[in-house]
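Structure file my_file.cif (mmCIF, C-alpha atoms (C1' of nucleotides)) follows.
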```cif
data_data
#
loop_
_atom_site.label_atom_id
_atom_site.label_comp_id
_atom_site.auth_asym_id
_atom_site.auth_seq_id
_atom_site.Cartn_x
_atom_site.Cartn_y
_atom_site.Cartn_z
CA MET H 1 -5.29 24.87 13.06
CA SER H 2 -1.90 23.45 13.90
CA ASN H 3 -1.06 20.34 11.98
CA ALA H 4 1.78 18.98 14.07
CA LYS H 5 -0.47 16.15 15.16
CA VAL H 6 0.42 12.62 14.27
CA LEU H 7 3.63 11.32 12.80
CA PRO H 8 3.09 7.56 12.84
CA LEU H 9 6.61 6.73 11.82
CA LEU H 10 8.35 9.14 14.10
CA GLU H 11 7.66 10.29 17.57
CA THR H 12 8.66 13.81 18.39
CA ALA H 13 10.63 13.46 21.57
CA ASN H 14 10.83 16.95 22.98
CA GLY H 15 9.91 18.99 19.97
CA GLN H 16 13.20 18.67 18.16
CA ALA H 17 14.68 15.21 18.05
CA VAL H 18 12.92 12.52 16.09
CA VAL H 19 13.23 8.80 16.68
CA PRO H 20 12.58 6.31 13.90
CA CYS H 21 9.80 3.90 14.79
CA CYS H 22 11.39 0.84 13.34
CA PRO H 23 14.75 -0.71 12.52
CA PRO H 24 15.80 -1.29 8.93
CA LEU H 25 13.76 -4.07 7.37
CA THR H 26 16.88 -6.15 7.02
CA GLU H 27 18.11 -5.83 10.59
CA ARG H 28 15.65 -8.08 12.40
CA PRO H 29 12.06 -9.27 11.95
CA MET H 30 9.66 -6.46 12.69
CA THR H 31 7.26 -6.82 15.56
CA ALA H 32 3.52 -6.66 14.97
CA GLU H 33 3.37 -3.11 16.31
CA GLU H 34 6.27 -1.86 14.21
CA ALA H 35 4.77 -3.45 11.14
CA GLU H 36 1.40 -1.90 11.82
CA THR H 37 2.95 1.52 12.01
CA ALA H 38 5.24 1.26 9.01
CA ALA H 39 2.64 -0.45 6.84
CA ARG H 40 0.37 2.56 7.22
CA MET H 41 2.90 4.72 5.45
CA PHE H 42 3.68 2.21 2.73
CA LYS H 43 -0.02 1.78 2.18
CA ALA H 44 -0.46 5.51 1.78
CA LEU H 45 2.11 5.46 -1.02
CA GLY H 46 0.61 2.30 -2.49
CA ASP H 47 -1.82 4.09 -4.75
CA PRO H 48 -0.60 5.55 -8.06
CA VAL H 49 -2.59 8.74 -7.73
CA ARG H 50 -1.38 9.35 -4.19
CA LEU H 51 2.19 8.60 -5.16
CA ARG H 52 2.00 11.17 -7.96
CA LEU H 53 0.49 13.75 -5.64
CA PHE H 54 3.13 13.08 -3.03
CA SER H 55 5.92 13.25 -5.59
CA ALA H 56 4.48 16.45 -6.99
CA VAL H 57 4.53 18.09 -3.59
CA ALA H 58 7.93 16.69 -2.67
CA SER H 59 9.54 17.84 -5.88
CA HIS H 60 7.95 21.27 -5.91
CA GLU H 61 10.18 24.16 -5.04
CA GLY H 62 10.38 24.77 -1.34
CA GLY H 63 8.98 21.32 -0.67
CA GLU H 64 5.47 22.67 -0.78
CA ALA H 65 2.74 23.20 -3.36
CA CYS H 66 -0.79 24.46 -3.47
CA VAL H 67 -3.46 22.03 -4.56
CA CYS H 68 -3.99 23.92 -7.79
CA ASP H 69 -0.38 23.19 -8.78
CA ILE H 70 -0.64 19.44 -8.52
CA SER H 71 -4.24 18.47 -9.17
CA ASP H 72 -3.93 17.43 -12.79
CA VAL H 73 -3.48 13.75 -12.19
CA GLY H 74 -6.46 12.54 -14.15
CA VAL H 75 -9.05 12.24 -11.40
CA SER H 76 -11.78 14.56 -10.18
CA GLN H 77 -11.15 17.36 -7.72
CA PRO H 78 -12.94 15.61 -4.82
CA THR H 79 -10.78 12.56 -5.41
CA VAL H 80 -7.64 14.66 -5.26
CA SER H 81 -8.84 16.16 -2.02
CA HIS H 82 -9.60 12.71 -0.66
CA HIS H 83 -6.13 11.42 -1.44
CA LEU H 84 -4.41 14.45 0.03
CA LYS H 85 -6.37 13.83 3.20
CA LYS H 86 -5.17 10.24 3.28
CA LEU H 87 -1.57 11.33 2.88
CA LYS H 88 -2.07 13.79 5.70
CA GLU H 89 -3.59 11.16 7.95
CA ALA H 90 -0.62 8.92 7.24
CA GLY H 91 1.70 11.65 8.46
CA LEU H 92 3.35 12.17 5.11
CA LEU H 93 2.02 15.63 4.40
CA THR H 94 0.91 18.65 6.35
CA SER H 95 -1.38 21.37 5.07
CA GLU H 96 -1.80 25.05 5.69
CA ARG H 97 -4.31 27.50 4.30
CA ARG H 98 -2.91 30.80 3.09
CA GLY H 99 -5.64 33.03 1.75
CA THR H 100 -7.43 31.42 -1.11
CA TRP H 101 -5.10 28.50 -1.51
CA VAL H 102 -4.18 25.52 0.62
CA TYR H 103 -0.54 24.48 0.61
CA TYR H 104 0.72 20.98 1.27
CA ARG H 105 4.27 20.18 2.26
CA VAL H 106 6.16 17.00 2.95
CA GLU H 107 7.31 15.99 6.39
CA PRO H 108 11.02 15.67 5.63
CA SER H 109 11.91 13.60 8.66
CA VAL H 110 9.34 11.03 7.62
CA LEU H 111 10.97 10.64 4.23
CA ALA H 112 14.31 10.15 5.92
CA ALA H 113 12.89 7.54 8.27
CA MET H 114 11.35 5.59 5.43
CA GLY H 115 14.63 5.72 3.59
CA LYS H 116 16.35 4.26 6.64
CA LEU H 117 13.75 1.51 6.79
CA LEU H 118 14.76 0.44 3.32
CA ALA H 119 18.46 1.04 3.79
CA THR H 120 20.45 -1.99 2.81
CA THR H 121 23.13 -2.49 5.41
CA ALA H 122 25.68 -4.17 3.17
CA THR H 123 23.71 -5.63 0.30
CA ALA H 124 25.06 -3.55 -2.53
CA VAL H 125 24.32 -4.79 -6.04
CA MET X 1 11.18 -23.07 -12.41
CA SER X 2 13.31 -19.99 -12.88
CA ASN X 3 12.00 -17.06 -11.00
CA ALA X 4 13.89 -14.24 -12.72
CA LYS X 5 10.65 -13.11 -14.24
CA VAL X 6 9.31 -9.70 -13.36
CA LEU X 7 11.09 -6.98 -11.48
CA PRO X 8 8.62 -4.13 -11.75
CA LEU X 9 10.92 -1.60 -10.22
CA LEU X 10 14.01 -2.64 -12.08
CA GLU X 11 14.60 -3.86 -15.55
CA THR X 12 17.42 -6.28 -16.02
CA ALA X 13 19.35 -4.85 -18.89
CA ASN X 14 21.62 -7.65 -20.04
CA GLY X 15 21.52 -9.91 -17.07
CA GLN X 16 23.77 -7.89 -14.85
CA ALA X 17 23.10 -4.18 -14.76
CA VAL X 18 19.90 -2.94 -13.21
CA VAL X 19 18.24 0.35 -13.93
CA PRO X 20 15.94 2.00 -11.39
CA CYS X 21 12.48 2.54 -12.79
CA CYS X 22 11.91 5.92 -11.28
CA PRO X 23 13.73 8.99 -10.06
CA PRO X 24 13.73 9.92 -6.39
CA LEU X 25 10.31 11.10 -5.29
CA THR X 26 11.70 14.53 -4.59
CA GLU X 27 13.44 15.04 -7.91
CA ARG X 28 10.45 15.68 -10.16
CA PRO X 29 6.77 14.72 -10.32
CA MET X 30 6.41 11.08 -11.25
CA THR X 31 4.67 10.20 -14.46
CA ALA X 32 1.57 8.04 -14.42
CA GLU X 33 3.56 5.02 -15.59
CA GLU X 34 6.31 5.46 -13.03
CA ALA X 35 3.75 5.87 -10.28
CA GLU X 36 1.89 2.77 -11.38
CA THR X 37 5.07 0.74 -11.17
CA ALA X 38 6.36 2.08 -7.88
CA ALA X 39 2.96 2.03 -6.21
CA ARG X 40 2.77 -1.72 -6.77
CA MET X 41 5.76 -2.21 -4.54
CA PHE X 42 4.65 0.19 -1.84
CA LYS X 43 1.26 -1.45 -1.89
CA ALA X 44 2.84 -4.84 -1.40
CA LEU X 45 4.53 -3.54 1.74
CA GLY X 46 1.37 -1.75 2.83
CA ASP X 47 -0.01 -4.68 4.78
CA PRO X 48 1.34 -5.40 8.28
CA VAL X 49 1.46 -9.16 7.78
CA ARG X 50 3.29 -8.84 4.47
CA LEU X 51 5.70 -6.34 5.95
CA ARG X 52 6.53 -8.73 8.77
CA LEU X 53 7.01 -11.60 6.36
CA PHE X 54 9.23 -9.49 4.15
CA SER X 55 11.25 -8.26 7.09
CA ALA X 56 11.59 -11.80 8.39
CA VAL X 57 13.01 -12.97 5.09
CA ALA X 58 15.20 -9.91 4.64
CA SER X 59 16.71 -10.18 8.09
CA HIS X 60 17.22 -13.93 8.01
CA GLU X 61 20.78 -15.13 7.62
CA GLY X 62 21.82 -15.34 4.02
CA GLY X 63 18.89 -13.17 3.03
CA GLU X 64 16.70 -16.20 2.64
CA ALA X 65 14.33 -18.22 4.78
CA CYS X 66 12.05 -21.18 4.39
CA VAL X 67 8.36 -20.64 4.99
CA CYS X 68 8.48 -22.66 8.18
CA ASP X 69 10.93 -20.16 9.66
CA ILE X 70 8.72 -17.14 9.23
CA SER X 71 5.12 -18.29 9.31
CA ASP X 72 4.29 -17.44 12.89
CA VAL X 73 2.76 -14.05 12.23
CA GLY X 74 -0.64 -14.73 13.67
CA VAL X 75 -2.54 -15.75 10.56
CA SER X 76 -3.38 -19.10 9.05
CA GLN X 77 -1.00 -20.99 6.81
CA PRO X 78 -3.00 -20.33 3.61
CA THR X 79 -2.94 -16.64 4.41
CA VAL X 80 0.83 -16.72 4.79
CA SER X 81 1.09 -18.44 1.45
CA HIS X 82 -1.21 -15.88 -0.10
CA HIS X 83 0.87 -12.98 1.13
CA LEU X 84 4.14 -14.53 0.04
CA LYS X 85 2.64 -14.89 -3.40
CA LYS X 86 1.72 -11.22 -3.43
CA LEU X 87 5.24 -10.24 -2.44
CA LYS X 88 6.56 -12.43 -5.22
CA GLU X 89 4.21 -10.92 -7.77
CA ALA X 90 5.37 -7.48 -6.70
CA GLY X 91 8.94 -8.48 -7.47
CA LEU X 92 10.11 -8.18 -3.88
CA LEU X 93 10.77 -11.85 -3.25
CA THR X 94 11.78 -14.87 -5.24
CA SER X 95 11.17 -18.46 -4.24
CA GLU X 96 12.91 -21.73 -4.79
CA ARG X 97 11.97 -25.22 -3.75
CA ARG X 98 14.72 -27.31 -2.19
CA GLY X 99 13.47 -30.70 -1.25
CA THR X 100 10.67 -30.50 1.26
CA TRP X 101 10.98 -26.78 1.93
CA VAL X 102 10.43 -23.67 -0.14
CA TYR X 103 12.89 -20.86 0.40
CA TYR X 104 12.15 -17.21 -0.16
CA ARG X 105 14.80 -14.57 -0.64
CA VAL X 106 14.74 -10.84 -1.16
CA GLU X 107 15.63 -9.20 -4.42
CA PRO X 108 18.45 -7.01 -3.09
CA SER X 109 18.51 -4.63 -6.02
CA VAL X 110 14.84 -3.91 -5.49
CA LEU X 111 15.49 -2.88 -1.91
CA ALA X 112 18.23 -0.57 -3.10
CA ALA X 113 16.00 0.95 -5.75
CA MET X 114 13.23 1.62 -3.26
CA GLY X 115 15.75 3.21 -0.96
CA LYS X 116 16.82 5.50 -3.77
CA LEU X 117 13.21 6.39 -4.44
CA LEU X 118 12.94 7.69 -0.91
CA ALA X 119 16.38 9.21 -0.81
CA THR X 120 16.25 12.80 0.30
CA THR X 121 18.64 14.75 -1.86
CA ALA X 122 19.56 17.34 0.73
CA THR X 123 16.78 17.26 3.28
CA ALA X 124 18.68 15.82 6.21
CA VAL X 125 16.99 16.08 9.61
"C1'" DT G 1 2.47 -48.01 -2.95
"C1'" DG G 2 1.01 -45.50 1.05
"C1'" DT G 3 1.55 -42.11 4.60
"C1'" DC G 4 3.17 -37.99 6.47
"C1'" DT G 5 4.71 -33.16 6.33
"C1'" DA G 6 5.23 -28.69 3.92
"C1'" DT G 7 3.27 -25.52 0.95
"C1'" DG G 8 0.04 -23.80 -2.63
"C1'" DT G 9 -4.82 -23.14 -4.51
"C1'" DT G 10 -9.88 -22.52 -4.45
"C1'" DG G 11 -14.03 -20.47 -3.08
"C1'" DA G 12 -16.52 -17.62 -0.13
"C1'" DC G 13 -17.34 -13.70 3.11
"C1'" DG G 14 -16.96 -9.18 5.02
"C1'" DC G 15 -14.62 -5.12 4.85
"C1'" DT G 16 -12.02 -1.30 2.95
"C1'" DC G 17 -10.97 1.61 -0.79
"C1'" DA G 18 -10.99 4.59 -5.08
"C1'" DT G 19 -14.00 7.15 -7.51
"C1'" DC G 20 -17.53 10.54 -8.77
"C1'" DA G 21 -21.69 13.87 -8.56
"C1'" DA G 22 -23.69 16.86 -5.58
"C1'" DT G 23 -23.18 19.85 -2.05
"C1'" DA G 24 -20.95 22.67 1.52
"C1'" DC G 25 -17.51 25.74 3.15
"C1'" DA G 26 -13.80 29.42 3.03
"C1'" DG G 27 -11.71 33.39 1.16
"C1'" DT G 28 -11.50 37.21 -2.35
"C1'" DC G 29 -13.23 40.83 -4.96
"C1'" DT G 30 -16.70 43.92 -6.42
"C1'" DA O 1 -24.32 41.67 0.43
"C1'" DG O 2 -23.58 38.94 -3.71
"C1'" DA O 3 -20.87 36.55 -7.10
"C1'" DC O 4 -16.97 33.85 -7.97
"C1'" DT O 5 -13.01 30.66 -7.20
"C1'" DG O 6 -10.55 27.06 -4.57
"C1'" DT O 7 -10.94 23.21 -1.57
"C1'" DA O 8 -13.35 19.90 1.59
"C1'" DT O 9 -17.23 16.79 2.77
"C1'" DT O 10 -21.11 13.63 1.95
"C1'" DG O 11 -23.27 9.73 0.07
"C1'" DA O 12 -23.34 6.08 -3.11
"C1'" DT O 13 -21.32 2.45 -5.99
"C1'" DG O 14 -18.35 -0.97 -7.71
"C1'" DA O 15 -13.91 -3.17 -7.30
"C1'" DG O 16 -10.30 -5.13 -4.70
"C1'" DC O 17 -8.30 -7.12 -0.54
"C1'" DG O 18 -7.41 -10.00 3.80
"C1'" DT O 19 -8.88 -13.89 5.85
"C1'" DC O 20 -10.12 -18.70 6.61
"C1'" DA O 21 -11.72 -23.68 5.85
"C1'" DA O 22 -11.40 -27.15 2.66
"C1'" DC O 23 -8.88 -29.22 -0.66
"C1'" DA O 24 -4.86 -30.08 -3.75
"C1'" DT O 25 -0.06 -30.82 -4.74
"C1'" DA O 26 4.88 -31.93 -3.95
"C1'" DG O 27 8.52 -34.21 -1.87
"C1'" DA O 28 10.40 -37.56 1.73
"C1'" DC O 29 10.47 -41.85 3.70
"C1'" DA O 30 8.97 -46.32 4.87
#
```

Is it possible to give me this structure as structure tokens?
Amino acid sequence: MSNAKVLPLLETANGQAVVPCCPPLTERPMTAEEAETAARMFKALGDPVRLRLFSAVASHEGGEACVCDISDVGVSQPTVSHHLKKLKEAGLLTSERRGTWVYYRVEPSVLAAMGKLLATTATAV
Amino acid sequence: MSNAKVLPLLETANGQAVVPCCPPLTERPMTAEEAETAARMFKALGDPVRLRLFSAVASHEGGEACVCDISDVGVSQPTVSHHLKKLKEAGLLTSERRGTWVYYRVEPSVLAAMGKLLATTATAV
DNA sequence: TGTCTATGTTGACGCTCATCAATACAGTCT
DNA sequence: AGACTGTATTGATGAGCGTCAACATAGACA
């Protein structure tokens, strides 16, 4: 199945360009809709196990990893599967089956958009 | 009361320098401890109401706002107070009472650290 | 002192979530 | 076909969260 389905934070314009959903947090108060969208992604990263899984995929070579490579995070296999599904539903990961294994990869544009959300315009330390 | 208490994502070294808790998500798999720390902050931003409150404070002039300026987010006043407390506990906001009003301000270094966490090393769109 | 406004706290309710054991499904290899 | 491995789904359980009404507290001002 194709997994280019939902990217809550970005909306694929014509297949190439991506438009961030929301302005930087510091630019102006977010609207209810913007907040709803962005909060979904923050929430997905708001669990330690999911954050480790996401980081494991993101830091793996090629930006992708099979489940077997990343599933030693201290919880059962069904729980790992459950969390990967959540990350997928949040638009942070995509998955693809290749033979025996299923590979997950990060949606790079989403990472960039989240980074922009948190970008401090001029508030350097 | 002084509110320079807990900054989960950063650790104030000697009062000036701040050290990010965790490497960028894409650099290497996060450890359980790092994930626990960072997930607390993502989780705090993982609720739409909290995200709007945070954004309202962050975008307010001077980087601070009194509760009365930001409390029209569609929930009751106790709920606003509850969420502001959560954001404070997560180390994202600090508060200070000045006369009748209580002012909240963002912890700028925390914003920067979260931005770094999501920084894509070379994965530009 | 008393009253008024701004904000925080308490207690309760319903809902969502993280987790696991058991089971199901998909692909590979005999 | 049958056995085996890797991954997803189901169902259940306990914990945590978002929300509000009611109440409490803090400061300002008369």

Any idea which chain X residues end up within 9 Å of chain H if we count all atoms listed in the file, as a compact mmCIF listing (two decimals) with C-alpha atoms, in the coordinates of the input please?
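Writing the result to iface_22.txt gives the following:
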```txt
# COMPACT_ATOMS: atom_id res chain seq x y z
CA ALA X 17 23.10 -4.18 -14.76
CA VAL X 18 19.90 -2.94 -13.21
CA PRO X 24 13.73 9.92 -6.39
CA LEU X 25 10.31 11.10 -5.29
CA THR X 26 11.70 14.53 -4.59
CA GLU X 27 13.44 15.04 -7.91
CA ARG X 28 10.45 15.68 -10.16
CA PRO X 29 6.77 14.72 -10.32
CA MET X 30 6.41 11.08 -11.25
CA THR X 31 4.67 10.20 -14.46
CA ALA X 32 1.57 8.04 -14.42
CA GLU X 33 3.56 5.02 -15.59
CA GLU X 34 6.31 5.46 -13.03
CA ALA X 35 3.75 5.87 -10.28
CA GLU X 36 1.89 2.77 -11.38
CA THR X 37 5.07 0.74 -11.17
CA ALA X 38 6.36 2.08 -7.88
CA ALA X 39 2.96 2.03 -6.21
CA ARG X 40 2.77 -1.72 -6.77
CA MET X 41 5.76 -2.21 -4.54
CA PHE X 42 4.65 0.19 -1.84
CA LYS X 43 1.26 -1.45 -1.89
CA ALA X 44 2.84 -4.84 -1.40
CA LEU X 45 4.53 -3.54 1.74
CA GLY X 46 1.37 -1.75 2.83
CA ASP X 47 -0.01 -4.68 4.78
CA PRO X 48 1.34 -5.40 8.28
CA VAL X 49 1.46 -9.16 7.78
CA ARG X 50 3.29 -8.84 4.47
CA LEU X 51 5.70 -6.34 5.95
CA ARG X 52 6.53 -8.73 8.77
CA LEU X 53 7.01 -11.60 6.36
CA PHE X 54 9.23 -9.49 4.15
CA SER X 55 11.25 -8.26 7.09
CA ALA X 56 11.59 -11.80 8.39
CA VAL X 57 13.01 -12.97 5.09
CA ALA X 58 15.20 -9.91 4.64
CA SER X 59 16.71 -10.18 8.09
CA HIS X 60 17.22 -13.93 8.01
CA GLY X 63 18.89 -13.17 3.03
CA ILE X 70 8.72 -17.14 9.23
CA VAL X 73 2.76 -14.05 12.23
CA PRO X 108 18.45 -7.01 -3.09
CA SER X 109 18.51 -4.63 -6.02
CA LEU X 111 15.49 -2.88 -1.91
CA ALA X 112 18.23 -0.57 -3.10
CA MET X 114 13.23 1.62 -3.26
CA GLY X 115 15.75 3.21 -0.96
CA LYS X 116 16.82 5.50 -3.77
CA LEU X 117 13.21 6.39 -4.44
CA LEU X 118 12.94 7.69 -0.91
CA ALA X 119 16.38 9.21 -0.81
CA THR X 120 16.25 12.80 0.30
CA THR X 123 16.78 17.26 3.28
CA ALA X 124 18.68 15.82 6.21
CA VAL X 125 16.99 16.08 9.61
```

Exercise for the section: Enumerate, as a PyMOL selection string, the residues matched when the PyMOL selection byres ((chain O and resi 5) around 12) is run on the file above. Expected result: (chain H and resi 68+99-101) or (chain G and resi 26-29) or (chain O and resi 3-4+6-7)

Report task. Could you tell me which of O:DT25, O:DA1, O:DG18, O:DA8 comes closest to chain X if we count all atoms listed in the file? Result ->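 Selected residue with least distance to chain X: O:DG18.
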
Please check the contacts: residues of chain X at most 12 Å away from chain G, using all atoms listed in the file, listed as a ChimeraX atom specification. /X:66-69,71,77-85,95-103

Least-squares superpose chain H on chain X across all ordered C-alpha pairs, then write out what you get as a JSON list (two decimals) with C-alpha atoms, in the coordinates of the input.
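Final file, part30.json:
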```json
[["chain", "number", "residue", "atom", "x", "y", "z"],
["H", 1, "MET", "CA", 11.00, -23.22, -12.53],
["H", 2, "SER", "CA", 13.17, -20.16, -12.90],
["H", 3, "ASN", "CA", 11.90, -17.18, -11.01],
["H", 4, "ALA", "CA", 13.84, -14.41, -12.70],
["H", 5, "LYS", "CA", 10.61, -13.19, -14.23],
["H", 6, "VAL", "CA", 9.31, -9.78, -13.37],
["H", 7, "LEU", "CA", 11.05, -7.03, -11.48],
["H", 8, "PRO", "CA", 8.58, -4.15, -11.76],
["H", 9, "LEU", "CA", 10.90, -1.61, -10.26],
["H", 10, "LEU", "CA", 13.98, -2.59, -12.15],
["H", 11, "GLU", "CA", 14.55, -3.77, -15.63],
["H", 12, "THR", "CA", 17.40, -6.15, -16.15],
["H", 13, "ALA", "CA", 19.32, -4.65, -19.00],
["H", 14, "ASN", "CA", 21.57, -7.41, -20.22],
["H", 15, "GLY", "CA", 21.46, -9.76, -17.30],
["H", 16, "GLN", "CA", 23.75, -7.81, -15.03],
["H", 17, "ALA", "CA", 23.09, -4.10, -14.85],
["H", 18, "VAL", "CA", 19.89, -2.88, -13.29],
["H", 19, "VAL", "CA", 18.23, 0.45, -13.97],
["H", 20, "PRO", "CA", 15.94, 2.06, -11.43],
["H", 21, "CYS", "CA", 12.47, 2.63, -12.83],
["H", 22, "CYS", "CA", 11.92, 6.00, -11.28],
["H", 23, "PRO", "CA", 13.75, 9.07, -10.03],
["H", 24, "PRO", "CA", 13.77, 9.95, -6.35],
["H", 25, "LEU", "CA", 10.35, 11.12, -5.23],
["H", 26, "THR", "CA", 11.76, 14.54, -4.50],
["H", 27, "GLU", "CA", 13.49, 15.10, -7.83],
["H", 28, "ARG", "CA", 10.50, 15.75, -10.08],
["H", 29, "PRO", "CA", 6.82, 14.80, -10.22],
["H", 30, "MET", "CA", 6.45, 11.18, -11.20],
["H", 31, "THR", "CA", 4.70, 10.32, -14.41],
["H", 32, "ALA", "CA", 1.60, 8.14, -14.38],
["H", 33, "GLU", "CA", 3.58, 5.14, -15.58],
["H", 34, "GLU", "CA", 6.35, 5.55, -13.02],
["H", 35, "ALA", "CA", 3.79, 5.94, -10.28],
["H", 36, "GLU", "CA", 1.93, 2.85, -11.40],
["H", 37, "THR", "CA", 5.09, 0.82, -11.21],
["H", 38, "ALA", "CA", 6.40, 2.13, -7.91],
["H", 39, "ALA", "CA", 3.00, 2.06, -6.23],
["H", 40, "ARG", "CA", 2.80, -1.67, -6.82],
["H", 41, "MET", "CA", 5.80, -2.21, -4.61],
["H", 42, "PHE", "CA", 4.69, 0.19, -1.91],
["H", 43, "LYS", "CA", 1.30, -1.46, -1.94],
["H", 44, "ALA", "CA", 2.89, -4.86, -1.45],
["H", 45, "LEU", "CA", 4.58, -3.56, 1.70],
["H", 46, "GLY", "CA", 1.41, -1.78, 2.79],
["H", 47, "ASP", "CA", 0.02, -4.70, 4.73],
["H", 48, "PRO", "CA", 1.33, -5.43, 8.25],
["H", 49, "VAL", "CA", 1.45, -9.17, 7.75],
["H", 50, "ARG", "CA", 3.31, -8.86, 4.46],
["H", 51, "LEU", "CA", 5.72, -6.36, 5.93],
["H", 52, "ARG", "CA", 6.53, -8.75, 8.77],
["H", 53, "LEU", "CA", 7.01, -11.63, 6.36],
["H", 54, "PHE", "CA", 9.23, -9.52, 4.15],
["H", 55, "SER", "CA", 11.25, -8.28, 7.11],
["H", 56, "ALA", "CA", 11.58, -11.81, 8.40],
["H", 57, "VAL", "CA", 13.01, -13.01, 5.12],
["H", 58, "ALA", "CA", 15.21, -9.96, 4.67],
["H", 59, "SER", "CA", 16.69, -10.21, 8.13],
["H", 60, "HIS", "CA", 17.21, -13.95, 8.06],
["H", 61, "GLU", "CA", 20.75, -15.14, 7.65],
["H", 62, "GLY", "CA", 21.79, -15.37, 4.05],
["H", 63, "GLY", "CA", 18.87, -13.19, 3.04],
["H", 64, "GLU", "CA", 16.67, -16.22, 2.67],
["H", 65, "ALA", "CA", 14.31, -18.26, 4.83],
["H", 66, "CYS", "CA", 12.05, -21.23, 4.46],
["H", 67, "VAL", "CA", 8.36, -20.67, 5.04],
["H", 68, "CYS", "CA", 8.46, -22.70, 8.23],
["H", 69, "ASP", "CA", 10.91, -20.19, 9.72],
["H", 70, "ILE", "CA", 8.71, -17.16, 9.27],
["H", 71, "SER", "CA", 5.11, -18.31, 9.33],
["H", 72, "ASP", "CA", 4.27, -17.44, 12.91],
["H", 73, "VAL", "CA", 2.75, -14.07, 12.23],
["H", 74, "GLY", "CA", -0.67, -14.75, 13.67],
["H", 75, "VAL", "CA", -2.57, -15.76, 10.55],
["H", 76, "SER", "CA", -3.40, -19.13, 9.03],
["H", 77, "GLN", "CA", -1.00, -21.03, 6.81],
["H", 78, "PRO", "CA", -3.00, -20.38, 3.60],
["H", 79, "THR", "CA", -2.94, -16.68, 4.38],
["H", 80, "VAL", "CA", 0.82, -16.75, 4.80],
["H", 81, "SER", "CA", 1.12, -18.51, 1.48],
["H", 82, "HIS", "CA", -1.17, -15.95, -0.12],
["H", 83, "HIS", "CA", 0.89, -13.03, 1.12],
["H", 84, "LEU", "CA", 4.17, -14.59, 0.05],
["H", 85, "LYS", "CA", 2.68, -14.97, -3.40],
["H", 86, "LYS", "CA", 1.76, -11.30, -3.45],
["H", 87, "LEU", "CA", 5.27, -10.30, -2.47],
["H", 88, "LYS", "CA", 6.60, -12.51, -5.23],
["H", 89, "GLU", "CA", 4.26, -11.01, -7.79],
["H", 90, "ALA", "CA", 5.41, -7.56, -6.73],
["H", 91, "GLY", "CA", 8.98, -8.55, -7.47],
["H", 92, "LEU", "CA", 10.13, -8.25, -3.90],
["H", 93, "LEU", "CA", 10.79, -11.91, -3.25],
["H", 94, "THR", "CA", 11.79, -14.96, -5.22],
["H", 95, "SER", "CA", 11.16, -18.54, -4.19],
["H", 96, "GLU", "CA", 12.89, -21.84, -4.71],
["H", 97, "ARG", "CA", 11.92, -25.31, -3.62],
["H", 98, "ARG", "CA", 14.68, -27.39, -2.07],
["H", 99, "GLY", "CA", 13.42, -30.80, -1.07],
["H", 100, "THR", "CA", 10.64, -30.55, 1.42],
["H", 101, "TRP", "CA", 10.94, -26.85, 2.04],
["H", 102, "VAL", "CA", 10.42, -23.75, -0.04],
["H", 103, "TYR", "CA", 12.87, -20.92, 0.47],
["H", 104, "TYR", "CA", 12.13, -17.26, -0.14],
["H", 105, "ARG", "CA", 14.79, -14.63, -0.61],
["H", 106, "VAL", "CA", 14.74, -10.90, -1.14],
["H", 107, "GLU", "CA", 15.67, -9.27, -4.41],
["H", 108, "PRO", "CA", 18.46, -7.04, -3.11],
["H", 109, "SER", "CA", 18.53, -4.68, -6.05],
["H", 110, "VAL", "CA", 14.86, -3.95, -5.52],
["H", 111, "LEU", "CA", 15.50, -2.90, -1.94],
["H", 112, "ALA", "CA", 18.25, -0.61, -3.13],
["H", 113, "ALA", "CA", 16.02, 0.93, -5.77],
["H", 114, "MET", "CA", 13.27, 1.61, -3.28],
["H", 115, "GLY", "CA", 15.78, 3.18, -0.96],
["H", 116, "LYS", "CA", 16.88, 5.47, -3.77],
["H", 117, "LEU", "CA", 13.26, 6.39, -4.43],
["H", 118, "LEU", "CA", 13.01, 7.68, -0.89],
["H", 119, "ALA", "CA", 16.47, 9.19, -0.77],
["H", 120, "THR", "CA", 16.34, 12.76, 0.37],
["H", 121, "THR", "CA", 18.68, 14.75, -1.82],
["H", 122, "ALA", "CA", 19.55, 17.43, 0.71],
["H", 123, "THR", "CA", 16.71, 17.46, 3.19],
["H", 124, "ALA", "CA", 18.52, 16.30, 6.27],
["H", 125, "VAL", "CA", 16.72, 16.78, 9.58]]
```

Evaluate the PyMOL selection byres ((chain O) within 8 of (chain X)) against this structure - the residues, as a list in words, please.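 Output of the PyMOL selection byres ((chain O) within 8 of (chain X)): DT19, DC20, DA26, DG27 and DA28 of chain O.
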
| field | Atomic separation - CA of Gly91 (chain X) relative to CA of Cys22 (chain X), Å | value |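 Straight-line distance from CA of Cys22 (chain X) to CA of Gly91 (chain X) works out to 15.2 Å.
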
(message) What does the structure give for the distance between CA of Leu92 (chain H) and CA of Cys21 (chain H), in Å to one decimal?
(response)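 A separation of 14.3 Å between them.
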
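Taking CA of Ala65 (chain X) and CA of Ala90 (chain X) as the two end points, the separation is 18.1 Å.
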
Box for region 1-13 of chain G - axis-aligned, 6 Å on each of the six sides, all listed atoms - centre and size in Å to one decimal, as lines of an AutoDock Vina configuration file.
```
center_x = -6.1
center_y = -30.9
center_z = 1.0
size_x = 34.6
size_y = 46.3
size_z = 23.0
```
